[in-house]
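Participant: Sending over a structure as structure tokens; questions will come in a sec.
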Amino acid sequence: MALTLAMLTGTVVPGLPVQVASAAPDTSVSNKQNFSTDVIYQIFTDRFADGNPANNPTGSAFSPGCTNLRLYCGGDWKGITDKINAGYFTNMGVTALWISQPVENIYSVINYSGVNNTSYHGYWARDFKKTNPYYGTFADLQTLINAAHAKGIKIVIDFAPNHTSPALETDSSFAENGRLYDNGTLLGGYTNDTNGYFHHNGGTDFSSLEDGIYRNLYDLADLNHNVSRIDTYFKEAIKVWLDLGIDGIRVDAVKHMPMGWQKNWMSYIYGYKPVFTFGEWFLGTNENDPSNVYFANESGMSLLDFRFAQKVRQVLRDNTDTMYGLDSMISSTASDYAQVADQVTFIDNHDMERFKSGSVSNRRVEQALALLLTSRGVPAIYYGTEQYMSGGTDPDNRAMMSSFSETTTAFNVIKKLAPLRKSNPAIAYGSTQQRWINNDVYIYERKFGNSVAVVAINRNLSSSASISGLVTSFPAGTYTDQLGGLLGGGSITASSTGAVSTFTLGAGAVAVWQYTPAQTTPVIGHVGPVMGKAGNTVTIDGRGFGSTKGTVYFGTTAVTGSGIVSWEDTQIKVVVPSVAAGKYSVKVRTSGSVDSNSYNGFNVLTGNQVSVRFIVQNATTVSGENVYLVGNVAELGNWDPASAIGPMFNRVIRTYPTWYFDVSVPAGTALEFKFIKKNGSVVTWEGGSNHTYTTPVSGTGTITVNWQ
């Protein structure tokens, strides 16, 4: 996201004509639900390549030569398309591009403390159904998507439904007053917001999750998702981009929107055109937020893995932790995240200093890339890392792409390791086990079925390490470094017990060894999306399923016949059966009656979802107590206090002793519910009869009751 800290004056540049997006056939040849085998490359569109100078802004919004990093610099979709067609990404091994939010942004040049700022980053939206003309037209974006798909490259768009643009409620002439447009038609602005499209609770102090959701991020006009028109608008808006054939969505600032609204929005996406979706929930160094874990496991979308990024930076960039800390993070995240392989890993991005800044050496960048590309999760590389671009905080981390050289060592590390994510399922889907460790050396094994990969990293740039006593899952044999010695690695020899003969890991060396035999028994590596309702199509990826249709189980319910959309040895598409809502394990039984492992945690929804705000008044509590919601559907915990929704909020929209929470619940459904108080293991139920409420068929709802 783009953060702004002060507000002074703004100058409006006239807008452009209304744009209309036309639906296009989905030309993608790739699996839109599974990115485990992919390598994502994050592009700041304005900072990559200027393919069409004619669409650059004029006047004070533009910086020729990109000397002012707070202004537009000219990068556009034509520039990205040119690099796709030139083979830059294919040659590097990149199989997915994450581009800046494509929607129309404000045209104002905003002066903050004497410095002009523009919406070059794409996070100051004004119309989520039109394109940013400085990036290009719908036709330009369609050309980019088609060119990418022709090369087997997926396209991920950034999307920021949390807010529009900077606004000052007391000055409607500031910038564009946060105005929101619907394909050119004004819906409303931040001042005189009679429809309640925005929150008007001041700026967040980040003191609590609630404060961050229902107050503005700095001066950005915060949208109120508990309004039916806003809910409908964002379902319509995302459809515009899904219809162009995009393969994924990165959702900005998910920590700052109600999870209940986001879950209902994801249910819509998965029921329309399911694509891999991951959100941004910022975590600081050594921060582990239970709400972050809950969101990743329950919202229906994955997250950018800040715990991974921050720890890798501590160990390989800042030298503030050792390899033991890295190993601990790998273990704890594997335990916390239900689908750890779906979390998007990275080493830097547009909101933090580049990995290479200050005195960080090129070798440390190369080591971090090797770790990123061989670890669990979906790796995302920030543009220019392969060219050793450096830079501090915003905007210095957002410079124009410095070079398109294909000869740097970093480029070739990516080139050699990225293809392993497709060829060796251990790297895409495997478990991770530490095999040898000291403060400077980390050797870890990835394993999936019979496939194995072992990675060794010596972060000490001046001393080699003698590695003895290493035991792996390799069968007897000699294994060559998949990097070809690029980072100083060599071959190793394993005995029939997997024991590796003593070898030297050079100073700063990285080596990757692997074994990929045929998989003859079924193993599930990925199920996606991991949430949906009966009738949705879900994709199962793995190995050893065979070529003849077998059976897929959701719990004990078998899916056969027409319920199996397609069946291949490495992928199955299956229709979610009509089962009671709740969490299920998914299992594959081959035509030869051989069972796979169970993939746990598939969330079957009761049906179409809507977001409803539940409010309970006069619920007084004692110290340590919180109020929760529980009811008669799976989305409300099926009357199980352990699965109740909450803790509820009581400080911003409503204040104590009134509590509120936005929840994704089945549409057009008669609910029965009650509120409970929890204090540790002690649960107190309210008295009286169950509360009742019939949810709306579409849009959003609100129900207010008194504690009984």
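Residue numbers start at 1 in each chain; chains themselves are named A, B, ... in the order of the structure tokens; ligands are numbered from 1 in the order shown.
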Quick one: pick out all strand (DSSP E) residues within range 188-246 of chain A from a backbone DSSP run and write them as an NGL selection string.

Facilitator: :A and (188 or 220-222)

Participant: Can you write out the residues you just picked, keeping N, CA and C atoms, as a compact mmCIF listing (two decimals), in the first residue's frame?

Facilitator:
# COMPACT_ATOMS: atom_id res chain seq x y z
N GLY A 188 -20.07 8.92 -4.66
CA GLY A 188 -20.01 9.81 -3.51
C GLY A 188 -18.59 10.14 -3.14
N LEU A 220 -6.28 8.14 4.03
CA LEU A 220 -6.99 7.45 2.96
C LEU A 220 -8.45 7.24 3.34
N ALA A 221 -9.36 7.62 2.47
CA ALA A 221 -10.80 7.52 2.74
C ALA A 221 -11.21 6.06 2.86
N ASP A 222 -11.56 5.66 4.07
CA ASP A 222 -11.80 4.25 4.40
C ASP A 222 -13.22 3.84 4.03

Participant: Find the residues of range 74-106 of chain A that sit at most 9 Å from range 240-256 of chain A; for each, write down the nearest two atoms and how far apart they are in Å, to one decimal. Count only C-alpha atoms. Sort by chain, then by number going up, and give it as a Markdown table.

Facilitator:
| residue | atom | partner | partner_atom | distance |
| --- | --- | --- | --- | --- |
| A:Ala96 | CA | A:Asp247 | CA | 8.7 |
| A:Trp98 | CA | A:Arg250 | CA | 7.8 |
| A:Gln101 | CA | A:Arg250 | CA | 8.9 |
| A:Pro102 | CA | A:Trp241 | CA | 8.9 |

Participant: Run DSSP on the backbone and tell me which residues of range 137-274 of chain A come out as alpha helix (DSSP H); list them as number ranges by chain.

Facilitator: A: 138-150, 209-214, 228-242, 259-272

Participant: Can I get the selected residues back with C-alpha atoms, as a compact mmCIF listing (two decimals), in the first residue's frame?

Facilitator:
# COMPACT_ATOMS: atom_id res chain seq x y z
CA PHE A 138 -8.43 -2.40 -21.36
CA ALA A 139 -7.17 -3.49 -24.77
CA ASP A 140 -3.58 -2.98 -23.62
CA LEU A 141 -4.18 -5.06 -20.50
CA GLN A 142 -5.90 -7.78 -22.50
CA THR A 143 -2.90 -7.85 -24.83
CA LEU A 144 -0.59 -8.23 -21.82
CA ILE A 145 -2.67 -11.08 -20.38
CA ASN A 146 -2.85 -12.88 -23.74
CA ALA A 147 0.90 -12.49 -24.30
CA ALA A 148 1.62 -13.83 -20.82
CA HIS A 149 -0.69 -16.81 -21.24
CA ALA A 150 0.89 -17.62 -24.59
CA LEU A 209 -7.31 -4.83 15.16
CA GLU A 210 -10.66 -3.07 15.53
CA ASP A 211 -9.08 0.39 15.41
CA GLY A 212 -7.26 -0.49 12.20
CA ILE A 213 -10.40 -1.80 10.51
CA TYR A 214 -12.89 0.96 11.25
CA SER A 228 -24.95 -3.03 0.48
CA ARG A 229 -23.97 -0.70 -2.37
CA ILE A 230 -20.28 -0.99 -1.49
CA ASP A 231 -20.48 -4.78 -1.16
CA THR A 232 -22.23 -5.08 -4.53
CA TYR A 233 -19.83 -2.60 -6.12
CA PHE A 234 -16.75 -4.64 -5.24
CA LYS A 235 -18.33 -7.87 -6.46
CA GLU A 236 -19.13 -6.15 -9.74
CA ALA A 237 -15.70 -4.53 -9.90
CA ILE A 238 -13.65 -7.68 -9.38
CA LYS A 239 -15.77 -9.39 -12.04
CA VAL A 240 -14.50 -6.83 -14.57
CA TRP A 241 -10.93 -8.01 -14.05
CA LEU A 242 -11.77 -11.71 -13.69
CA MET A 259 -12.74 -10.53 7.76
CA GLY A 260 -16.46 -11.32 7.54
CA TRP A 261 -16.87 -9.05 4.54
CA GLN A 262 -13.73 -10.42 2.89
CA LYS A 263 -14.82 -14.04 3.37
CA ASN A 264 -18.17 -13.26 1.73
CA TRP A 265 -16.32 -11.53 -1.14
CA MET A 266 -14.02 -14.52 -1.57
CA SER A 267 -17.02 -16.85 -1.66
CA TYR A 268 -18.37 -14.79 -4.55
CA ILE A 269 -15.04 -15.00 -6.41
CA TYR A 270 -14.70 -18.75 -5.87
CA GLY A 271 -18.25 -19.30 -7.09
CA TYR A 272 -17.67 -17.19 -10.22

Participant: Would you list the contacts of Thr695 in chain A as a VMD selection string, taking every protein, DNA or RNA residue within 9 Å and counting only C-alpha atoms, but skipping same-chain residues closer than 2 positions in sequence?

Facilitator: chain A and resid 610 to 612 665 to 671 693 697 to 698 700 to 702

Participant: What would the file look like if the residues just selected were written as a short mmCIF file (atom, residue, chain, number, x, y, z; two decimals), in the first residue's frame with N, CA and C atoms?

Facilitator:
data_model
loop_
_atom_site.label_atom_id
_atom_site.label_comp_id
_atom_site.auth_asym_id
_atom_site.auth_seq_id
_atom_site.Cartn_x
_atom_site.Cartn_y
_atom_site.Cartn_z
N VAL A 610 -23.33 -13.70 2.59
CA VAL A 610 -23.50 -12.27 2.73
C VAL A 610 -22.82 -11.85 4.01
N SER A 611 -22.49 -10.57 4.10
CA SER A 611 -21.87 -10.04 5.31
C SER A 611 -22.94 -9.37 6.17
N VAL A 612 -23.02 -9.78 7.45
CA VAL A 612 -24.01 -9.25 8.37
C VAL A 612 -23.30 -8.75 9.63
N VAL A 665 -22.12 -15.01 6.56
CA VAL A 665 -23.14 -16.01 6.88
C VAL A 665 -23.89 -16.38 5.60
N PRO A 666 -24.59 -17.52 5.59
CA PRO A 666 -25.32 -17.92 4.38
C PRO A 666 -26.44 -16.95 4.04
N ALA A 667 -26.59 -16.66 2.76
CA ALA A 667 -27.60 -15.71 2.29
C ALA A 667 -28.99 -16.32 2.36
N GLY A 668 -30.00 -15.47 2.58
CA GLY A 668 -31.39 -15.90 2.57
C GLY A 668 -31.67 -17.06 3.51
N THR A 669 -31.10 -17.02 4.69
CA THR A 669 -31.17 -18.15 5.63
C THR A 669 -31.72 -17.69 6.97
N ALA A 670 -32.60 -18.49 7.55
CA ALA A 670 -33.12 -18.22 8.89
C ALA A 670 -32.10 -18.69 9.92
N LEU A 671 -31.50 -17.73 10.61
CA LEU A 671 -30.48 -18.06 11.61
C LEU A 671 -31.09 -18.08 13.01
N TYR A 693 -32.91 -14.40 13.01
CA TYR A 693 -32.70 -13.38 11.98
C TYR A 693 -32.62 -14.08 10.63
N VAL A 697 -30.79 -11.83 0.91
CA VAL A 697 -30.40 -12.68 -0.21
C VAL A 697 -29.13 -12.14 -0.87
N SER A 698 -28.94 -10.83 -0.80
CA SER A 698 -27.74 -10.20 -1.34
C SER A 698 -27.45 -8.95 -0.53
N THR A 700 -25.71 -6.52 2.24
CA THR A 700 -25.27 -6.70 3.62
C THR A 700 -26.47 -6.54 4.55
N GLY A 701 -26.27 -6.89 5.82
CA GLY A 701 -27.34 -6.76 6.79
C GLY A 701 -26.81 -6.36 8.15
N THR A 702 -27.72 -5.95 9.02
CA THR A 702 -27.39 -5.62 10.41
C THR A 702 -28.51 -6.11 11.31
#

Participant: Between A:Lys583, A:Arg435, A:Arg421, A:Lys32, single out the one closest to Gln514 in chain A, counting only C-alpha atoms.

Facilitator: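 Closest residue, counting only C-alpha atoms: A:Arg421.
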